[in-house]
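**Student:** This is the content of upload.txt (compact mmCIF, C-alpha atoms):
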```txt
# COMPACT_ATOMS: atom_id res chain seq x y z
CA MET A 1 0.00 0.00 0.00
CA MET A 2 2.79 2.38 0.85
CA ASP A 3 4.44 2.20 -2.55
CA VAL A 4 1.16 2.49 -4.49
CA PHE A 5 0.40 5.94 -3.10
CA GLY A 6 3.98 7.21 -3.16
CA VAL A 7 4.35 7.08 0.60
CA LEU A 8 7.76 6.00 1.80
CA LEU A 9 8.16 3.99 4.97
CA SER A 10 9.83 6.48 7.28
CA LEU A 11 9.80 7.45 10.92
CA GLY A 12 6.67 9.55 10.35
CA THR A 13 4.74 6.78 8.65
CA VAL A 14 5.75 4.32 11.36
CA ALA A 15 4.40 6.83 13.89
CA ALA A 16 1.18 7.02 11.87
CA LEU A 17 0.87 3.23 11.94
CA LEU A 18 1.34 3.26 15.71
CA MET A 19 -1.34 5.95 16.00
CA LEU A 20 -3.65 3.71 13.97
CA ILE A 21 -3.08 0.82 16.34
CA GLY A 22 -4.00 3.02 19.29
CA TYR A 23 -7.04 4.43 17.49
CA SER A 24 -8.23 0.97 16.52
CA VAL A 25 -7.88 -0.31 20.07
CA ASP A 26 -9.80 2.74 21.30
CA THR A 27 -12.72 2.16 18.92
CA ASP A 28 -12.81 -1.53 19.81
CA ILE A 29 -12.91 -0.70 23.53
CA LEU A 30 -15.68 1.85 22.88
CA LEU A 31 -17.73 -0.74 21.01
CA THR A 32 -17.14 -3.55 23.49
CA THR A 33 -17.93 -1.52 26.61
CA ARG A 34 -21.03 -0.02 25.03
CA LEU A 35 -22.39 -3.44 24.08
CA LEU A 36 -21.40 -5.49 27.11
CA LYS A 37 -21.77 -3.06 30.01
CA ARG A 38 -24.86 -1.00 29.17
CA LYS A 39 -28.44 -2.05 29.73
CA GLY A 40 -31.04 -2.10 27.00
CA GLU A 41 -31.84 -3.79 23.73
CA LEU A 42 -28.89 -4.98 21.68
CA ASN A 43 -29.80 -3.10 18.50
CA ASP A 44 -30.18 0.16 20.44
CA LYS A 45 -26.78 -0.33 22.07
CA ILE A 46 -25.19 -1.02 18.68
CA ARG A 47 -26.82 2.06 17.18
CA ASP A 48 -25.65 4.28 20.05
CA ALA A 49 -22.10 2.92 19.93
CA MET A 50 -21.97 3.30 16.17
CA LYS A 51 -23.26 6.86 16.37
CA THR A 52 -20.52 7.82 18.83
CA GLY A 53 -17.80 5.91 17.01
CA MET A 54 -18.68 7.21 13.56
CA THR A 55 -18.85 10.78 14.85
CA MET A 56 -15.40 10.33 16.34
CA THR A 57 -13.98 8.75 13.17
CA LEU A 58 -15.57 11.17 10.71
CA THR A 59 -14.38 14.16 12.73
CA THR A 60 -10.85 12.76 12.68
CA LEU A 61 -11.10 12.06 8.95
CA ALA A 62 -12.22 15.64 8.26
CA ALA A 63 -9.24 16.98 10.18
CA LEU A 64 -6.88 14.60 8.36
CA ILE A 65 -8.23 15.56 4.94
CA ALA A 66 -7.70 19.22 5.81
CA LEU A 67 -4.18 18.35 6.99
CA PHE A 68 -3.51 16.53 3.72
CA ILE A 69 -4.72 19.46 1.62
CA VAL A 70 -2.63 21.97 3.56
CA SER A 71 0.51 19.81 3.69
CA SER A 72 0.44 18.78 0.03
CA GLY A 73 0.97 22.35 -1.13
CA THR A 74 -2.35 22.74 -2.94
CA VAL A 75 -3.16 25.80 -0.86
CA MET A 76 -0.92 28.59 -2.16
CA SER A 77 -0.09 30.16 1.18
CA PHE A 78 1.33 26.90 2.61
CA ILE A 79 4.49 25.08 1.61
CA ARG A 80 4.63 21.38 0.82
CA ILE A 81 5.55 19.25 3.84
CA ASP A 82 6.07 15.68 2.67
CA ILE A 83 6.29 13.97 6.07
CA ILE A 84 2.99 15.50 7.24
CA ARG A 85 1.37 14.55 3.92
CA ASP A 86 2.62 10.97 4.29
CA ILE A 87 1.33 10.73 7.85
CA SER A 88 -2.09 12.05 6.82
CA VAL A 89 -2.33 9.61 3.87
CA VAL A 90 -1.51 6.64 6.10
CA LEU A 91 -4.02 7.75 8.73
CA ILE A 92 -6.79 8.42 6.19
CA PHE A 93 -6.53 4.96 4.64
CA GLY A 94 -6.09 3.38 8.05
CA LEU A 95 -9.24 5.02 9.42
CA PHE A 96 -11.28 3.77 6.49
CA ALA A 97 -9.95 0.28 7.21
CA ASP A 98 -10.78 0.77 10.90
CA ILE A 99 -14.38 1.65 10.01
CA VAL A 100 -14.72 -1.63 8.13
CA ASN A 101 -12.95 -3.64 10.82
CA THR A 102 -14.63 -2.21 13.91
CA TRP A 103 -18.10 -1.27 12.77
CA MET A 104 -18.76 -4.15 10.41
CA THR A 105 -16.66 -7.13 11.46
CA ASN A 106 -16.40 -6.67 15.23
CA VAL A 107 -20.06 -5.70 15.59
CA GLY A 108 -21.03 -9.02 14.03
CA ILE A 109 -18.69 -10.97 16.29
CA LEU A 110 -19.91 -9.18 19.43
CA ARG A 111 -23.56 -9.59 18.40
CA TRP A 112 -22.99 -13.35 18.03
CA TYR A 113 -21.22 -13.49 21.41
CA ILE A 114 -23.98 -11.59 23.22
CA GLU A 115 -26.79 -13.58 21.60
CA LYS A 116 -25.00 -16.83 22.41
CA GLY A 117 -24.71 -15.72 26.06
CA ALA A 118 -28.39 -14.74 26.16
CA ALA A 119 -29.37 -18.16 24.82
CA LYS A 120 -27.30 -19.86 27.52
CA GLU A 121 -28.96 -17.73 30.21
CA LYS A 122 -32.42 -18.67 28.94
CA ARG A 123 -31.53 -22.35 29.05
CA ALA A 124 -30.16 -21.98 32.58
CA GLU A 125 -33.28 -20.14 33.79
CA LYS A 126 -35.69 -22.74 32.39
CA PRO A 127 -36.63 -25.22 35.10
CA SER A 128 -36.09 -28.76 34.05
CA LYS A 129 -39.21 -30.83 33.93
CA ARG A 130 -38.82 -34.15 35.67
CA ARG A 131 -41.20 -36.98 35.25
CA HIS A 132 -42.40 -38.58 38.40
CA SER A 133 -43.04 -42.27 38.20
CA THR A 134 -46.26 -43.38 39.85
```
Translate this file's structure into structure tokens.

**Tutor:**
Amino acid sequence: MMDVFGVLLSLGTVAALLMLIGYSVDTDILLTTRLLKRKGELNDKIRDAMKTGMTMTLTTLAALIALFIVSSGTVMSFIRIDIIRDISVVLIFGLFADIVNTWMTNVGILRWYIEKGAAKEKRAEKPSKRRHST
């Protein structure tokens, strides 16, 4: 991916990759705590978590796109800063990948886990019917 977009692997891009790891862990923690710790219906909890997470991600993406435009020299009053442009490119593509990973893949896994736990609880609550021999 790095070579396709003209981004060299440097200290700045490694820092951007480390930022992505931290951001991804943060969104996974947000999703997991919202689904497992809060009360309410599962779909409502998913919707609330997704609303918060997407607001957070889209705000960050807007700031990164502005950073890319300014650092790439397209705005006449700013000079081109390659390292900042490379960092913003890595973070932009990484955040799009994080959206897919967290809000599509992990939601499905957590939904399965929660529904599986709810099914086990229902089976445990059901009193077993024993036949009495007469």

**Student:** Of the residues A:Thr55, A:Asn106, A:Ala62, A:Leu36, which is the one nearest to Ala118 in chain A, using all atoms listed in the file?

**Tutor:** A:Leu36

**Student:** For Thr32 in chain A, which of A:Ala15, A:Val89, A:Met50, A:Val75 is the closest residue, counting all atoms listed in the file?

**Tutor:**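 When distances to Thr32 in chain A are compared using all atoms listed in the file, the smallest one comes from A:Met50.
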
**Student:** Using only C-alpha atoms, can you tell me which of A:Thr13, A:Asn101, A:Thr60, A:Thr27 comes closest to Asp82 in chain A?

**Tutor:**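 Closest to Asp82 in chain A, using only C-alpha atoms: A:Thr13.
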
**Student:** When you draw a straight line from CA of Leu67 in chain A to CA of Phe96 in chain A, how long is it in Å?

**Tutor:** 16.2 Å

**Student:** Can you find the residues with an atom no farther than 10 Å from (-19.0, 5.3, 19.9), counting only C-alpha atoms, and report them as a PyMOL selection string?

**Tutor:** chain A and resi 26-34+45-57+103

**Student:** What does the distance between CA of Gly40 in chain A and CA of Thr105 in chain A come to in Å, to one decimal place?

**Tutor:**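 So the answer is 21.8 Å.
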
**Student:** Which residue gives the smallest distance to Gly22 in chain A among A:Thr59, A:Glu115, A:Leu91, A:Phe68, with all atoms listed in the file counted?

**Tutor:** A:Leu91

**Student:** Could you check which residues have any atom within 7 Å of (-29.2, -8.0, 21.4), counting all atoms listed in the file with coordinates taken straight from the file, and then list them as a list in words?

**Tutor:** Glu41, Leu42, Asn43, Arg111, Ile114 and Glu115 of chain A

**Student:** In Å, with one decimal, what is the gap from CA of Met104 in chain A to CA of Ser24 in chain A?

**Tutor:**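 Computed distance, CA of Met104 in chain A to CA of Ser24 in chain A, equals 13.2 Å.
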
**Student:** Give the answer as one residue: which of A:Gly94, A:Ile79, A:Lys37, A:Gly73 has the shortest atom-to-atom distance to Ala16 in chain A, using only C-alpha atoms?

**Tutor:** A:Gly94

**Student:** Around all the atoms of range 43-53 of chain A listed in the file, with 6 Å of room on each side, what axis-aligned box do you get, giving centre and edge lengths in Å to one decimal, as AutoDock Vina command-line options?

**Tutor:**
```
--center_x -24.0 --center_y 2.4 --center_z 19.1 --size_x 24.4 --size_y 22.9 --size_z 17.9
```

**Student:** Find the residue from A:Leu110, A:Ile83, A:Met19, A:Ala124 that sits nearest to Asp98 in chain A; use all atoms listed in the file when measuring.

**Tutor:**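 Among the listed residues, the smallest separation from Asp98 in chain A belongs to A:Met19.
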
**Student:** Contacts of Ile81 in chain A at 10 Å or less, counting all atoms listed in the file, minus same-chain residues fewer than 3 places along, as a list in words?

**Tutor:**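 The residues satisfying every condition are Phe68, Val70, Ser71, Ser72, Gly73, Phe78, Ile84, Arg85 and Asp86 of chain A.
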